>>> print(open('model18.txt').read())   # compact mmCIF, C-alpha atoms and all ligand atoms
# COMPACT_ATOMS: atom_id res chain seq x y z
CA MET A 6 108.85 54.86 99.09
CA LYS A 7 106.07 53.12 100.97
CA THR A 8 103.40 54.86 102.99
CA ASP A 9 103.93 52.68 106.12
CA PHE A 10 105.54 55.56 108.00
CA LEU A 11 102.11 57.25 108.01
CA SER A 12 100.33 54.30 109.63
CA GLY A 13 97.42 55.39 111.80
CA PHE A 14 96.85 58.48 109.65
CA SER A 15 95.25 56.76 106.65
CA GLY A 16 91.88 58.51 107.17
CA ILE A 17 93.44 61.92 106.56
CA ILE A 18 95.99 61.09 103.84
CA ALA A 19 95.53 61.01 100.08
CA GLU A 20 98.25 59.85 97.71
CA ASN A 21 99.22 61.55 94.45
CA GLU A 22 96.74 64.37 94.98
CA PRO A 23 96.79 66.79 92.00
CA LEU A 24 97.88 70.19 93.31
CA ALA A 25 96.60 72.18 90.31
CA ARG A 26 93.17 72.12 91.94
CA HIS A 27 94.63 73.53 95.18
CA THR A 28 96.51 76.52 93.73
CA CYS A 29 95.17 79.78 92.32
CA LEU A 30 97.36 79.44 89.20
CA ARG A 31 95.58 76.12 88.53
CA VAL A 32 98.77 74.42 87.33
CA GLY A 33 101.16 71.87 88.85
CA GLY A 34 101.54 68.13 89.36
CA PRO A 35 100.63 65.91 92.30
CA ALA A 36 101.72 65.76 95.92
CA ARG A 37 103.07 62.31 96.80
CA TRP A 38 101.16 62.58 100.10
CA PHE A 39 98.41 65.06 100.97
CA ALA A 40 97.24 65.32 104.58
CA ARG A 41 94.13 67.05 105.89
CA PRO A 42 94.53 66.88 109.68
CA ARG A 43 91.35 66.94 111.76
CA SER A 44 92.93 68.67 114.73
CA VAL A 45 96.07 70.55 115.61
CA ASP A 46 97.17 67.63 117.84
CA GLN A 47 97.85 65.49 114.77
CA ILE A 48 100.39 67.87 113.27
CA PRO A 49 103.45 67.35 115.55
CA GLU A 50 103.33 63.57 115.09
CA LEU A 51 102.90 63.90 111.30
CA VAL A 52 105.92 66.22 111.15
CA ARG A 53 108.02 63.91 113.36
CA ARG A 54 107.20 60.86 111.22
CA CYS A 55 108.18 62.75 108.06
CA ARG A 56 111.39 63.98 109.64
CA GLN A 57 112.39 60.43 110.65
CA GLU A 58 111.68 59.22 107.13
CA GLY A 59 113.45 62.16 105.45
CA VAL A 60 110.22 63.36 103.81
CA GLU A 61 109.78 67.10 103.29
CA VAL A 62 106.68 68.72 104.83
CA LEU A 63 105.01 71.51 102.83
CA PRO A 64 102.12 73.46 104.40
CA LEU A 65 99.48 74.67 101.94
CA GLY A 66 96.96 77.46 102.41
CA LEU A 67 94.81 78.58 99.50
CA GLY A 68 97.80 78.24 97.13
CA ALA A 69 97.45 81.93 96.35
CA ASN A 70 101.17 82.69 96.07
CA LEU A 71 102.48 79.39 94.85
CA LEU A 72 103.80 77.73 91.69
CA VAL A 73 104.03 73.93 91.79
CA SER A 74 106.15 72.20 89.11
CA ASP A 75 104.43 70.00 86.52
CA GLU A 76 106.27 67.02 88.06
CA GLY A 77 104.66 67.73 91.44
CA VAL A 78 106.39 67.25 94.79
CA ASP A 79 107.81 64.18 96.47
CA ALA A 80 106.70 65.49 99.85
CA LEU A 81 103.86 65.50 102.36
CA VAL A 82 101.62 68.50 101.78
CA ILE A 83 99.57 69.56 104.81
CA ARG A 84 96.33 71.43 104.10
CA LEU A 85 94.51 72.84 107.13
CA SER A 86 91.03 72.80 105.59
CA ASP A 87 89.13 71.01 108.34
CA PRO A 88 86.53 73.29 110.00
CA ALA A 89 88.63 73.00 113.19
CA PHE A 90 91.26 75.17 111.48
CA GLU A 91 88.81 77.82 110.27
CA ARG A 92 87.74 78.87 113.75
CA VAL A 93 88.11 82.42 115.00
CA ASP A 94 87.67 83.19 118.70
CA TRP A 95 86.42 86.75 119.08
CA ASP A 96 86.60 88.62 122.39
CA GLU A 97 82.86 89.13 123.00
CA ARG A 98 83.17 90.34 126.62
CA GLU A 99 80.50 92.89 127.41
CA SER A 100 82.80 94.41 130.05
CA ARG A 101 85.37 95.40 127.39
CA GLN A 102 86.27 99.12 127.32
CA THR A 103 85.14 100.68 124.05
CA ASP A 104 88.63 101.90 123.05
CA GLU A 105 90.60 98.96 124.44
CA PRO A 106 92.59 96.95 121.81
CA VAL A 107 90.98 93.56 121.26
CA SER A 108 92.85 90.24 121.03
CA ILE A 109 91.39 87.58 118.76
CA THR A 110 92.62 84.04 118.23
CA VAL A 111 92.56 82.83 114.65
CA HIS A 112 93.30 79.40 113.28
CA ALA A 113 95.55 79.03 110.26
CA GLY A 114 92.90 77.73 107.86
CA ALA A 115 90.59 80.72 108.36
CA ASP A 116 89.75 82.45 105.09
CA MET A 117 91.09 85.98 104.98
CA TYR A 118 88.15 87.51 103.11
CA ARG A 119 85.69 86.20 105.69
CA LEU A 120 87.93 87.22 108.60
CA ILE A 121 88.23 90.79 107.33
CA SER A 122 84.48 91.08 106.66
CA ASP A 123 83.62 89.76 110.13
CA ALA A 124 86.13 92.09 111.82
CA VAL A 125 84.74 95.12 109.96
CA ARG A 126 81.16 94.14 110.86
CA LYS A 127 82.14 93.83 114.53
CA GLY A 128 83.82 97.25 114.46
CA LEU A 129 87.37 95.94 114.79
CA GLY A 130 89.99 97.72 112.71
CA GLY A 131 93.42 96.74 111.39
CA LEU A 132 92.59 94.08 108.83
CA GLU A 133 90.60 96.18 106.34
CA SER A 134 93.90 97.34 104.76
CA LEU A 135 94.34 93.75 103.52
CA ALA A 136 91.15 93.86 101.43
CA GLY A 137 91.45 91.96 98.17
CA ILE A 138 94.27 89.63 99.26
CA PRO A 139 93.16 86.03 98.78
CA GLY A 140 94.40 83.28 101.09
CA THR A 141 94.24 81.70 104.49
CA VAL A 142 95.59 83.25 107.66
CA GLY A 143 98.50 80.75 107.68
CA GLY A 144 99.57 81.64 104.16
CA LEU A 145 99.29 85.37 104.74
CA LEU A 146 101.38 85.13 107.91
CA ARG A 147 104.10 83.04 106.24
CA MET A 148 104.36 85.61 103.41
CA ASN A 149 103.70 88.65 105.58
CA ALA A 150 101.17 89.52 102.91
CA GLY A 151 100.13 93.09 102.42
CA GLY A 152 100.52 96.07 100.18
CA ARG A 153 100.62 99.82 100.09
CA PHE A 154 98.04 100.11 102.89
CA GLY A 155 99.57 97.75 105.44
CA ASN A 156 100.89 94.25 106.09
CA ILE A 157 99.46 91.47 108.22
CA CYS A 158 102.39 91.72 110.66
CA ASP A 159 100.96 95.10 111.77
CA VAL A 160 98.28 93.29 113.80
CA VAL A 161 100.16 90.15 114.92
CA HIS A 162 100.86 89.55 118.60
CA THR A 163 101.97 85.89 118.55
CA VAL A 164 102.05 82.99 116.08
CA ASP A 165 101.52 79.32 116.96
CA VAL A 166 103.56 76.88 114.89
CA VAL A 167 104.75 73.30 114.80
CA ASP A 168 108.47 73.59 114.07
CA ALA A 169 110.59 71.39 111.82
CA ASP A 170 111.32 69.02 114.75
CA GLY A 171 107.62 68.51 115.40
CA HIS A 172 107.45 70.72 118.51
CA SER A 173 104.53 73.09 119.15
CA ARG A 174 105.80 76.61 119.83
CA THR A 175 104.39 80.09 120.26
CA MET A 176 106.53 82.75 118.60
CA ASN A 177 106.33 86.45 119.37
CA ARG A 178 106.58 89.09 116.64
CA GLU A 179 110.36 89.36 116.87
CA GLN A 180 110.82 85.59 116.65
CA ALA A 181 108.45 85.47 113.70
CA GLY A 182 110.90 87.84 111.94
CA PHE A 183 108.43 89.60 109.65
CA ARG A 184 109.92 91.49 106.71
CA TYR A 185 108.80 92.60 103.24
CA ARG A 186 106.95 89.53 101.89
CA GLY A 187 108.84 87.18 104.21
CA SER A 188 109.14 85.82 107.76
CA ASN A 189 110.98 83.23 109.83
CA LEU A 190 107.89 81.00 109.59
CA ALA A 191 109.26 79.13 106.56
CA GLY A 192 109.96 75.52 107.56
CA THR A 193 107.23 75.51 110.21
CA VAL A 194 103.55 74.63 109.99
CA VAL A 195 101.66 77.76 111.05
CA CYS A 196 98.64 76.63 113.12
CA GLY A 197 97.20 79.93 114.32
CA ALA A 198 97.87 83.36 115.74
CA THR A 199 96.76 86.00 118.17
CA LEU A 200 95.94 89.29 116.47
CA VAL A 201 95.35 92.64 118.14
CA LEU A 202 92.66 94.80 116.54
CA LYS A 203 91.52 98.34 117.31
CA PRO A 204 87.88 99.19 117.95
CA GLY A 205 86.51 101.51 115.28
CA ASP A 206 83.31 102.70 113.65
CA PRO A 207 81.96 99.85 111.45
CA THR A 208 80.67 102.32 108.84
CA GLN A 209 84.08 103.94 108.46
CA LEU A 210 85.88 100.60 108.45
CA ARG A 211 83.51 99.29 105.78
CA ALA A 212 84.09 102.41 103.65
CA ARG A 213 87.88 101.97 103.91
CA PHE A 214 87.58 98.25 103.05
CA LYS A 215 85.46 99.08 100.00
CA GLU A 216 87.80 101.83 98.85
CA ILE A 217 90.87 99.51 98.90
CA TRP A 218 88.91 96.63 97.35
CA GLU A 219 87.64 98.84 94.50
CA LEU A 220 91.13 100.18 93.83
CA LYS A 221 92.51 96.64 93.57
CA LYS A 222 89.64 95.53 91.35
CA LYS A 223 90.41 98.43 89.02
CA THR A 224 94.18 97.79 88.83
CA GLN A 225 94.62 94.02 89.33
CA PRO A 226 93.25 90.95 87.47
CA LEU A 227 91.48 89.64 90.57
CA SER A 228 89.06 87.38 88.72
CA ASP A 229 91.74 85.59 86.62
CA ASN A 230 93.86 82.64 87.73
CA SER A 231 97.10 84.07 89.12
CA ALA A 232 99.48 83.94 92.06
CA GLY A 233 99.25 87.64 92.84
CA CYS A 234 102.36 89.71 92.22
CA VAL A 235 105.10 87.49 90.82
CA PHE A 236 108.04 89.73 91.76
CA LYS A 237 108.89 91.78 94.84
CA ASN A 238 109.21 95.49 94.24
CA PRO A 239 112.90 96.41 93.92
CA SER A 240 114.11 98.93 96.48
CA GLY A 241 112.55 102.31 95.69
CA GLY A 242 110.85 101.04 92.53
CA SER A 243 107.92 99.10 91.15
CA ALA A 244 108.28 95.70 89.46
CA GLY A 245 104.93 96.18 87.69
CA SER A 246 105.99 99.52 86.26
CA LEU A 247 109.36 98.15 85.00
CA ILE A 248 107.72 95.14 83.34
CA ASP A 249 105.14 97.45 81.78
CA GLN A 250 107.84 99.85 80.49
CA ALA A 251 109.66 96.87 79.00
CA GLY A 252 106.57 96.36 76.82
CA LEU A 253 105.82 92.93 78.27
CA LYS A 254 102.07 93.26 78.97
CA GLY A 255 100.29 90.56 76.99
CA ARG A 256 103.52 88.55 76.41
CA ARG A 257 102.64 84.86 76.30
CA VAL A 258 104.27 81.45 76.68
CA GLY A 259 101.73 78.69 76.03
CA GLY A 260 98.81 79.36 78.34
CA ALA A 261 100.66 81.83 80.61
CA VAL A 262 100.26 85.55 79.90
CA VAL A 263 101.60 88.75 81.45
CA SER A 264 98.37 90.40 82.56
CA PRO A 265 97.38 93.37 80.39
CA LYS A 266 95.81 94.87 83.53
CA HIS A 267 98.85 94.74 85.87
CA ALA A 268 102.25 93.72 84.54
CA ASN A 269 103.43 92.09 87.79
CA PHE A 270 100.72 89.41 87.48
CA ILE A 271 101.00 86.30 85.30
CA VAL A 272 97.57 84.87 84.52
CA THR A 273 97.00 81.32 83.31
CA GLU A 274 94.47 80.02 80.82
CA VAL A 275 93.06 76.52 80.48
CA GLY A 276 95.85 74.17 79.34
CA ALA A 277 98.68 76.24 80.86
CA THR A 278 101.58 74.40 82.48
CA ALA A 279 103.93 75.34 85.30
CA GLN A 280 106.70 75.28 82.71
CA ASP A 281 104.87 77.99 80.72
CA VAL A 282 104.83 80.17 83.84
CA LEU A 283 108.50 79.48 84.63
CA SER A 284 109.57 80.28 81.08
CA LEU A 285 107.62 83.54 81.15
CA ILE A 286 109.22 84.46 84.49
CA GLY A 287 112.62 83.83 82.89
CA ILE A 288 111.79 86.09 79.91
CA ILE A 289 110.55 88.90 82.18
CA ARG A 290 113.65 88.75 84.37
CA ARG A 291 115.97 88.76 81.38
CA GLU A 292 114.27 91.63 79.58
CA VAL A 293 113.96 93.82 82.68
CA ALA A 294 117.64 93.15 83.56
CA ASP A 295 118.76 93.96 79.99
CA ARG A 296 116.75 97.19 79.73
CA PHE A 297 117.01 98.59 83.23
CA GLY A 298 119.86 96.68 84.93
CA VAL A 299 117.41 95.52 87.66
CA GLU A 300 117.47 91.86 88.81
CA LEU A 301 113.86 91.18 89.81
CA GLU A 302 113.45 88.88 92.79
CA THR A 303 110.47 86.55 92.84
CA GLU A 304 107.78 86.84 95.51
CA VAL A 305 105.90 83.70 94.42
CA GLN A 306 106.92 80.51 96.22
CA PHE A 307 108.15 77.57 94.13
CA TRP A 308 107.61 73.91 94.93
CA GLY A 309 109.55 71.23 93.07
CA CYS A 310 110.73 73.65 90.40
CA GLN A 311 114.47 72.88 90.70
CA ARG A 312 113.96 69.99 88.33
CA ALA A 313 111.92 72.01 85.84
CA ARG A 314 113.46 72.17 82.37
CA SER A 315 115.08 75.45 81.33
CA ALA A 316 113.97 77.29 84.46
CA GLU A 317 116.01 80.41 85.00
CA PRO A 318 117.87 80.55 88.31
CA ILE A 319 115.29 81.75 90.79
CA VAL A 320 116.27 84.25 93.44
N1 LIG B 401 102.23 100.24 87.30
C1 LIG B 401 102.37 100.36 85.94
N2 LIG B 401 102.00 99.30 85.15
C2 LIG B 401 101.50 98.15 85.67
C3 LIG B 401 101.35 98.03 87.06
C4 LIG B 401 101.72 99.09 87.88
O1 LIG B 401 102.84 101.37 85.45
O2 LIG B 401 101.18 97.25 84.89
C5 LIG B 401 102.61 101.37 88.16
C6 LIG B 401 101.38 101.97 88.85
O3 LIG B 401 100.74 102.91 88.04
C7 LIG B 401 101.99 102.59 90.09
C8 LIG B 401 103.18 101.67 90.41
O4 LIG B 401 103.44 100.94 89.21
O5 LIG B 401 102.52 103.86 89.79
C9 LIG B 401 102.85 100.70 91.56
O6 LIG B 401 101.74 99.90 91.18
P1 LIG B 401 100.57 99.49 92.21
O7 LIG B 401 100.03 100.70 92.86
O8 LIG B 401 99.65 98.59 91.49
O9 LIG B 401 101.32 98.71 93.35
P2 LIG B 401 102.39 97.54 93.27
O10 LIG B 401 103.63 98.03 93.93
O11 LIG B 401 102.51 96.97 91.90
C10 LIG B 401 101.87 96.51 95.62
C11 LIG B 401 101.92 95.07 96.07
C12 LIG B 401 100.58 94.39 95.79
C13 LIG B 401 99.47 95.17 96.49
C14 LIG B 401 99.48 96.60 95.95
C15 LIG B 401 98.42 97.51 96.56
C16 LIG B 401 104.17 94.14 95.80
C17 LIG B 401 105.09 93.36 94.91
N3 LIG B 401 102.95 94.36 95.32
O12 LIG B 401 101.70 96.46 94.20
O13 LIG B 401 100.67 93.10 96.38
O14 LIG B 401 98.22 94.57 96.23
O15 LIG B 401 100.77 97.19 96.23
O16 LIG B 401 98.55 97.57 97.93
O17 LIG B 401 104.58 94.51 96.89
C18 LIG B 401 101.13 90.81 96.04
O18 LIG B 401 102.03 90.97 96.87
O19 LIG B 401 100.85 89.69 95.53
C19 LIG B 401 100.38 91.97 95.63
C20 LIG B 401 99.49 91.94 94.67
>>> encode(input="model18.txt", output="C-alpha cells", more="lines below")
Ligand code: EPU
Amino acid sequence: MKTDFLSGFSGIIAENEPLARHTCLRVGGPARWFARPRSVDQIPELVRRCRQEGVEVLPLGLGANLLVSDEGVDALVIRLSDPAFERVDWDERESRQTDEPVSITVHAGADMYRLISDAVRKGLGGLESLAGIPGTVGGLLRMNAGGRFGNICDVVHTVDVVDADGHSRTMNREQAGFRYRGSNLAGTVVCGATLVLKPGDPTQLRARFKEIWELKKKTQPLSDNSAGCVFKNPSGGSAGSLIDQAGLKGRRVGGAVVSPKHANFIVTEVGATAQDVLSLIGIIRREVADRFGVELETEVQFWGCQRARSAEPIV
C-alpha cells in the first residue's frame, strides 16, 4: 500500500519504524507507519484518513504493557511524544480553599512518574498509590492501571479522546467504562484527561509514595525489561502465586524468562523475540490450567500476534 493517503503529514510520519525500541519488553517488529503528531488538532484528520483507507490506528504510550509480534504491524501507530502532549495544567489559583478538591488537566503523553512526583510535591493526593507504574497518562487510562493501593480511574473526572470515526469527544467516567485492567477507551486515541486530586500534606504524601515504591522494588523486577504483570489476577486469587506454585519461576524460552523475583512478570534478555515471550505465555497458561484448573487471562496487550507461529489462543 502506498503512503499517498497520508499526504500533508510527511513531516510527522516515519515508515517501517522498529517498535522494539518503543516497548519496555524491547522486542517486536516494525510499524508500517509511525506518526508523532505535533498537536492534538492533527489527530482527527489522521484517524479519518486511515479509516477511509482501511488502515488500523494503534495508539502507543511508553509500550509498558505491550507485546508486538516479530512481524510488526501493518497499521499506523500514533505516539504522542511531542512536548505538546506532555503538558500538565495545574490549578495554581491562590484563592483556592485549602481542602477543596483540585482539578488538573493532563495530556496523554505526560510521563506518570513525573506527574506523580509533581503532584506529591504540590501537596495533591490521589496519584501516589500508583507509584512504580511506568507509562504515559494515555496508556494508564486505557488499561485502568493500578494495583492493590488504587487504580487511576479513582481520580478521573473526564477523558478526552478522538474516536474511531475521527471525532473529538469528552467522555465522563461512566462512558469511559473503567474496570479491572480495562476500559471502553480501546479503539480511541486518548488525548488527555481531567483528574481530581485531594489536597494533602506533602510530607505524608511523599512517605506514602516511598512506601509503595519500596514495596514494589522489593517484590517486582522493576529494572528488567518487562511488560509488567502478564496475566490478570483470577477472581479471588493471584496469578503470580499460582505461577510460582507451579514451579515456573526461572522457566525460559530463548531470551524470555519467568522472573525469579515475581512469577507474573516475563523479563526479556538481549536477543529475545516476541515469539519467545508468546511461547512462554503458552507454557504458563497450560501448566497453571493443568495443575490448578485455572485459565489465566492475559493483561498484556498484543499487537499483530494473530499471525505468530504456535501462539496459544489468547484470551
Ligand atoms: N506471590 C507469590 N509469588 C510470586 C508473586 C506473588 O507467591 O512470584 C504472592 C505474594 O506473596 C502475594 C500474592 O501472590 O501473597 C499477590 O502478589 P503481589 O502482592 O505481588 O500482588 P499481585 O496481585 O501479583 C498486583 C497487580 C500489580 C501491582 C501489585 C501491587 C495485577 C495482575 N497485578 O500484583 O500490577 O503492582 O498488585 O499493587 O493486578 C500490573 O498490573 O502490571 C502490575 C504489576
>>> closest_atom_pairs(input="model18.txt", of="chain A", to="ligand LIG 401 (chain B)", cutoff="6 Å", atoms="only C-alpha atoms and all ligand atoms", output="CSV")
residue,atom,partner,partner_atom,distance
A:Gly152,CA,B:LIG401,O16,3.3
A:Arg153,CA,B:LIG401,O16,3.7
A:Phe154,CA,B:LIG401,O16,5.6
A:Gly233,CA,B:LIG401,O19,3.7
A:Cys234,CA,B:LIG401,O19,3.6
A:Phe236,CA,B:LIG401,C17,5.6
A:Lys237,CA,B:LIG401,C17,4.1
A:Asn238,CA,B:LIG401,C17,4.7
A:Ser243,CA,B:LIG401,O4,5.2
A:Gly245,CA,B:LIG401,C3,4.1
A:Ser246,CA,B:LIG401,C1,3.7
A:Asp249,CA,B:LIG401,N2,5.0
A:His267,CA,B:LIG401,O2,3.6
A:Ala268,CA,B:LIG401,O2,3.7
>>> write_last_selection(input="model18.txt", atoms="C-alpha atoms", output="short mmCIF file (atom, residue, chain, number, x, y, z; two decimals), keeping the file's coordinate frame")
data_model
loop_
_atom_site.label_atom_id
_atom_site.label_comp_id
_atom_site.auth_asym_id
_atom_site.auth_seq_id
_atom_site.Cartn_x
_atom_site.Cartn_y
_atom_site.Cartn_z
CA GLY A 152 100.52 96.07 100.18
CA ARG A 153 100.62 99.82 100.09
CA PHE A 154 98.04 100.11 102.89
CA GLY A 233 99.25 87.64 92.84
CA CYS A 234 102.36 89.71 92.22
CA PHE A 236 108.04 89.73 91.76
CA LYS A 237 108.89 91.78 94.84
CA ASN A 238 109.21 95.49 94.24
CA SER A 243 107.92 99.10 91.15
CA GLY A 245 104.93 96.18 87.69
CA SER A 246 105.99 99.52 86.26
CA ASP A 249 105.14 97.45 81.78
CA HIS A 267 98.85 94.74 85.87
CA ALA A 268 102.25 93.72 84.54
#
>>> atom_distance(input="model18.txt", atom1="CA of Leu129 (chain A)", atom2="CA of Tyr185 (chain A)")
24.6 Å
>>> residues_around(input="model18.txt", residues="Leu146 (chain A)", least_positions_apart="6", cutoff="9 Å", atoms="all atoms listed in the file", output="ChimeraX atom specification")
/A:113,157-158,161,164,183,187-188,190,195,198
>>> residues_around(input="model18.txt", residues="Phe14 (chain A)", least_positions_apart="6", cutoff="9 Å", atoms="only C-alpha atoms", output="short mmCIF file (atom, residue, chain, number, x, y, z; two decimals) with C-alpha atoms, in the frame of the given file")
data_model
loop_
_atom_site.label_atom_id
_atom_site.label_comp_id
_atom_site.auth_asym_id
_atom_site.auth_seq_id
_atom_site.Cartn_x
_atom_site.Cartn_y
_atom_site.Cartn_z
CA ALA A 40 97.24 65.32 104.58
CA PRO A 42 94.53 66.88 109.68
CA GLN A 47 97.85 65.49 114.77
CA LEU A 51 102.90 63.90 111.30
#
>>> residues_around(input="model18.txt", residues="Asp79 (chain A)", least_positions_apart="3", cutoff="10 Å", atoms="all atoms listed in the file", output="JSON, numbers by chain")
{"A": [6, 21, 35, 36, 37, 38, 60, 61, 62, 76, 82, 308, 309]}
>>> atom_distance(input="model18.txt", atom1="CA of Gly68 (chain A)", atom2="CA of Ile17 (chain A)")
19.3 Å
>>> residues_around(input="model18.txt", residues="region 85-96 of chain A", least_positions_apart="5", cutoff="12 Å", atoms="all atoms listed in the file", output="JSON, numbers by chain")
{"A": [17, 27, 39, 40, 41, 42, 43, 44, 45, 46, 47, 48, 63, 64, 65, 66, 67, 68, 101, 102, 105, 106, 107, 108, 109, 110, 111, 112, 113, 114, 115, 116, 117, 119, 120, 121, 123, 124, 127, 128, 129, 140, 141, 142, 143, 144, 194, 195, 196, 197, 198, 199, 200, 201, 202, 204]}
>>> residues_around(input="model18.txt", residues="region 205-215 of chain A", least_positions_apart="5", cutoff="10 Å", atoms="all atoms listed in the file", output="PyMOL selection string")
chain A and resi 103-104+121-122+124-137+220-221
>>> closest_residue(input="model18.txt", among="A:Asp229, A:Glu216, A:Asp9, A:Glu300", to="Glu274 (chain A)", atoms="all atoms listed in the file")
A:Asp229
>>> residues_near_point(input="model18.txt", point="(95.3, 69.8, 82.2)", cutoff="12 Å", atoms="all atoms listed in the file", output="list in words")
Pro23, Leu24, Ala25, Arg26, Arg31, Val32, Gly33, Gly34, Asp75, Gly260, Thr273, Glu274, Val275, Gly276, Ala277, Thr278 and Ala279 of chain A
>>> atom_distance(input="model18.txt", atom1="CA of Val305 (chain A)", atom2="CA of Leu253 (chain A)")
18.6 Å
>>> closest_residue(input="model18.txt", among="A:Gln280, A:Gln306, A:Ser240, A:Ser228", to="Met148 (chain A)", atoms="all atoms listed in the file")
A:Gln306
>>> decode(input="model18.txt", residues="region 274-294 of chain A", atoms="C-alpha atoms", output="mmCIF file, in the first residue's frame")
data_model
loop_
_atom_site.group_PDB
_atom_site.id
_atom_site.type_symbol
_atom_site.label_atom_id
_atom_site.label_comp_id
_atom_site.auth_asym_id
_atom_site.auth_seq_id
_atom_site.Cartn_x
_atom_site.Cartn_y
_atom_site.Cartn_z
ATOM 1 C CA GLU A 274 17.215 -10.553 27.675
ATOM 2 C CA VAL A 275 19.195 -9.282 24.704
ATOM 3 C CA GLY A 276 18.281 -11.375 21.635
ATOM 4 C CA ALA A 277 14.791 -12.290 22.869
ATOM 5 C CA THR A 278 11.966 -12.404 20.334
ATOM 6 C CA ALA A 279 8.239 -11.803 20.653
ATOM 7 C CA GLN A 280 7.789 -15.461 19.749
ATOM 8 C CA ASP A 281 9.876 -16.446 22.813
ATOM 9 C CA VAL A 282 7.506 -14.428 25.002
ATOM 10 C CA LEU A 283 4.394 -15.873 23.325
ATOM 11 C CA SER A 284 5.653 -19.428 23.697
ATOM 12 C CA LEU A 285 6.419 -18.846 27.373
ATOM 13 C CA ILE A 286 2.934 -17.387 27.901
ATOM 14 C CA GLY A 287 1.514 -20.546 26.302
ATOM 15 C CA ILE A 288 3.551 -22.803 28.617
ATOM 16 C CA ILE A 289 2.483 -20.854 31.721
ATOM 17 C CA ARG A 290 -1.190 -20.976 30.769
ATOM 18 C CA ARG A 291 -1.054 -24.687 30.047
ATOM 19 C CA GLU A 292 0.781 -25.633 33.235
ATOM 20 C CA VAL A 293 -1.379 -23.475 35.502
ATOM 21 C CA ALA A 294 -4.558 -24.857 33.851
#
